[in-house]
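What follows is a short report on a single structure.
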Amino acid sequence: MAKYYDIDDIIVEEETVSVIFQKAASGVGIDPSSSIFIETGSKVELPFWLAHELQLRQAVSVNVPPCFNQKTRQELHADSAGVDLRSRCPFFYEFGCKIAPIVGDRTIGFLLLSAFKSRYKEILTKAHSVAFAAGSKFWTILTKEEIYLYETAQSAMASFKKWRMGGPRFQIASVLGRKRKSKE
Amino acid sequence: MASSSAAEGVSMDDDYETLIATTDVELLKRAWRNEKAAPEILRYESKLVSRVNKVIQLMEEIVEEKSSGGTDPLSVSLYQMDLDRTLFLLRSYLRIRIQKIEKYVFHIQKTEELRNRLSKYEKDFAKMCENDLEQHLDESVLSKLPKDYKSVLRQSSMSEEDDMVPEPQLDAFVLCRSKEYLTGIQLEDGPVDDRSKLFEMEPGVLHFICYKSIKALVESGKIDLL
Amino acid sequence: MYGSKASQLVKEFASGEKGQLTTYNNDLIREVVAECTQHHLDFQSLIRKMQEEGLDIQTAKNADHYGALIHHLAVVRNKRCLMAYMYNRAEIIRNLLWKIGHMLPQEIKVKLCSTEEEHFKNHSKALKNYMLKVEVDLTVVTSPSSSPISFPSPSPASTHAPDMVPPKDPYIKVRVIDDIGEGILLSDDKSANFALHSMHLLKRTDAEQFIAQGKMEELKG
């Protein structure tokens, strides 16, 4: 697994999904509240990493998570750039790619692509034109992937400006942190 | 202080001219750019590096000679500058390689083909690196886990292959340029129906392309990465 | 929920600013390791139960089999989180060698566990060993007068302080922004008075390390 040590990948797989057990399982206490014996047909909330492995062995079937439901689709359709995807799932796209083959819903792929395309345009324009304060509303609705994109676009622009205008090229090692504010 | 424009105004000795004209430094710049942009480690340019080392020595002798011979300090500093830039290239080239080894040490150590791309000293370094990291992970985590889960390469003894080893992403996109007309490049990305189509490259035209598709051409020196 | 402590560990790592370390969380690691041991015990007891019932553990797919499977998967997941935590921290720790040299600053030392400190030392040794052989110094040197590596041959190529940024001008203008101390010898064997806030035109190679340590800043133009 090329991404074994990938922190983001691990966090994506912590997303919970609801599954229906196709087989019974004994001697487990996934949740302190749940019983030791899971009957066939019980509906349980599981983290993705567990649901996925169990699904591979036909022990559970996985339901489409709520962040890809009809309501989200309609909202994305109406005003894709304004939808708060982060609160639905911080790694909306990565999670979507992982969940789509498992739930066997072919429309998720199209949903991800069209959402990404239209939001991408918006993000790039904003990254190159306005500087948003860390707390502004625009920030809070972006997914993690979109924030990385935004940051990349901004730093590319900053590097370009620096290259054109000149400026200090030597910097303090980032690991030491900012000891004092630079006087701009 | 303008550096390059001033350099042209200073009259240079013939031996220095010929030194500049040797393309080894230029070749190193190319190897450095390729190494910088390629996701995986490339073959070590051992002959080139040893030639560049000789060039550096020569340049150092010139600087030494000039600075003791009472030459104008400005021109000495320009010679020094040129030397510094070559040294930077060499150091940066070696540094990028060492950092790639650090990052993919388990993958390189278990892949014969990749290990053979390293210089002798890089091989020694990779070995030490692997031992250190293994020891560190073993002492802090692996030794404390149940017996079937102690491997640093496999998630558990039930895994059928080494499923813990991080590898470089060969399907990453790179910027590249061909020196000659190339044809018959098989694209490894995009929609499945497009993949059978062969791709061609005009010389000098920039392309943004999946590294896997041009990997062999980078290795044979037909395509340069940027 | 299974694996939630382990994922808390990973999230803690992710919460730190990029390239920065959080303090090593010994307690949480111990708890996750204990969880692994417990899962493995549960796994073994379910397998044993199947064996006592005379079932073939390779092929029988009863409720105990799936229970055991879940425990196994939980250990695998916990291991991944523990390993990712250590591995990614180790990467940052090794990168310190490139950024600030072979000496660990106290402010970082306090965030490490003992094997991490050991790893830093071992890796520093491996790197020094390599640089000694190729006779080129690739890392930031902590101080020009007490270079951590002494090369056997006095080759001028190796006595320069290494450069992380491509050289453009031989000299750069800097301002001192922290106490540097006295008696700093520059590469041309002259010493200078680096009083706080004073400005100097220095050889790029001399200034680079002080800037990386946050003791000087480069001035524009």
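Residues are named by chain letter and number: chains run A, B, ... in the order of the structure tokens, numbers start at 1 in each chain, and ligands are numbered from 1 in the order shown.
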
Compute the set of chain B residues within 8 Å of chain C, using only C-alpha atoms, and express it as a PyMOL selection string. chain B and resi 1-3+56-57+60+77-78+80-81+84-85+87-88+91-92+94-95+103+121-122+124-125+128-129+132-133+136-137+139-141+144-146+149+155-156

* Write down, as JSON, numbers by chain, each residue of chain A that has any atom within 12 Å of an atom of chain B, counting only C-alpha atoms. => {"A": [1, 2, 3, 4, 5, 6]}

Exercise for review: as a ChimeraX atom specification, please: all residues of region 7-205 of chain B that backbone DSSP puts in alpha helix (DSSP H).
Suggested key: /B:7-9,14-21,24-37,46-68,73-103,105-110,112-115,120-140

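Residue list for chain C within 6 Å of chain A: C:Met1, C:Tyr2, C:Gln20, C:Ala63, C:Asp64, C:Tyr66, C:Gly67, C:Ala84, C:Lys99, C:Ile211, C:Ala212, C:Gln213, C:Gly214, C:Glu218, C:Lys220, counting only C-alpha atoms.
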
Selected residues written out, N, CA and C atoms, as an mmCIF file, in the first residue's frame:
```cif
data_model
loop_
_atom_site.group_PDB
_atom_site.id
_atom_site.type_symbol
_atom_site.label_atom_id
_atom_site.label_comp_id
_atom_site.auth_asym_id
_atom_site.auth_seq_id
_atom_site.Cartn_x
_atom_site.Cartn_y
_atom_site.Cartn_z
ATOM 1 N N MET C 1 -15.708 3.125 20.240
ATOM 2 C CA MET C 1 -15.526 2.596 18.878
ATOM 3 C C MET C 1 -14.097 2.088 18.681
ATOM 4 N N TYR C 2 -13.963 0.946 18.018
ATOM 5 C CA TYR C 2 -12.630 0.409 17.758
ATOM 6 C C TYR C 2 -11.775 1.396 16.967
ATOM 7 N N GLN C 20 5.955 20.973 11.768
ATOM 8 C CA GLN C 20 6.190 21.197 13.192
ATOM 9 C C GLN C 20 5.831 19.958 13.985
ATOM 10 N N ALA C 63 -20.133 -17.195 13.021
ATOM 11 C CA ALA C 63 -20.110 -15.904 13.708
ATOM 12 C C ALA C 63 -18.784 -15.662 14.422
ATOM 13 N N ASP C 64 -18.185 -16.736 14.940
ATOM 14 C CA ASP C 64 -16.907 -16.576 15.631
ATOM 15 C C ASP C 64 -15.813 -16.148 14.660
ATOM 16 N N TYR C 66 -16.180 -14.299 11.969
ATOM 17 C CA TYR C 66 -16.295 -12.870 11.671
ATOM 18 C C TYR C 66 -15.924 -12.006 12.871
ATOM 19 N N GLY C 67 -16.212 -12.522 14.056
ATOM 20 C CA GLY C 67 -15.796 -11.804 15.269
ATOM 21 C C GLY C 67 -14.281 -11.703 15.328
ATOM 22 N N ALA C 84 2.167 5.228 11.503
ATOM 23 C CA ALA C 84 2.125 6.492 10.768
ATOM 24 C C ALA C 84 2.557 7.635 11.682
ATOM 25 N N LYS C 99 17.728 21.246 7.998
ATOM 26 C CA LYS C 99 17.298 22.622 8.235
ATOM 27 C C LYS C 99 18.154 23.341 9.262
ATOM 28 N N ILE C 211 21.079 32.987 9.335
ATOM 29 C CA ILE C 211 19.698 33.260 8.945
ATOM 30 C C ILE C 211 18.828 32.041 9.231
ATOM 31 N N ALA C 212 19.348 30.845 8.908
ATOM 32 C CA ALA C 212 18.582 29.620 9.145
ATOM 33 C C ALA C 212 18.278 29.454 10.631
ATOM 34 N N GLN C 213 19.189 29.902 11.478
ATOM 35 C CA GLN C 213 18.969 29.772 12.923
ATOM 36 C C GLN C 213 18.128 30.909 13.488
ATOM 37 N N GLY C 214 17.763 31.852 12.640
ATOM 38 C CA GLY C 214 16.918 32.955 13.094
ATOM 39 C C GLY C 214 17.688 34.041 13.823
ATOM 40 N N GLU C 218 17.799 38.599 6.198
ATOM 41 C CA GLU C 218 18.342 39.195 4.987
ATOM 42 C C GLU C 218 17.582 40.473 4.690
ATOM 43 N N LYS C 220 16.395 43.416 2.033
ATOM 44 C CA LYS C 220 16.113 43.496 0.599
ATOM 45 C C LYS C 220 17.046 44.471 -0.101
#
```

What does the distance between CA of Leu170 (chain B) and CA of Glu112 (chain B) come to in Å, to one decimal place?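 Interatomic distance here is 17.4 Å.
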
Which residues are close to Glu35 (chain B), i.e. within 8 Å by only C-alpha atoms, leaving aside same-chain residues fewer than 4 positions away? Reply as a short mmCIF file (atom, residue, chain, number, x, y, z; two decimals) with N, CA and C atoms, in the first residue's frame.
```
data_model
loop_
_atom_site.label_atom_id
_atom_site.label_comp_id
_atom_site.auth_asym_id
_atom_site.auth_seq_id
_atom_site.Cartn_x
_atom_site.Cartn_y
_atom_site.Cartn_z
N ALA B 31 21.15 16.87 -15.37
CA ALA B 31 20.94 15.73 -14.46
C ALA B 31 20.26 16.19 -13.18
N ILE B 41 14.03 7.81 -7.83
CA ILE B 41 15.46 8.09 -7.93
C ILE B 41 15.96 7.61 -9.28
N LEU B 42 16.82 8.42 -9.94
CA LEU B 42 17.34 8.06 -11.26
C LEU B 42 18.75 7.46 -11.11
N TYR B 93 22.45 18.36 -6.26
CA TYR B 93 22.21 17.07 -6.92
C TYR B 93 22.35 15.91 -5.92
N ILE B 96 19.49 16.04 -3.21
CA ILE B 96 18.16 15.57 -3.64
C ILE B 96 18.13 14.05 -3.62
N ARG B 97 19.22 13.44 -4.08
CA ARG B 97 19.28 11.97 -4.12
C ARG B 97 19.24 11.39 -2.71
#
```
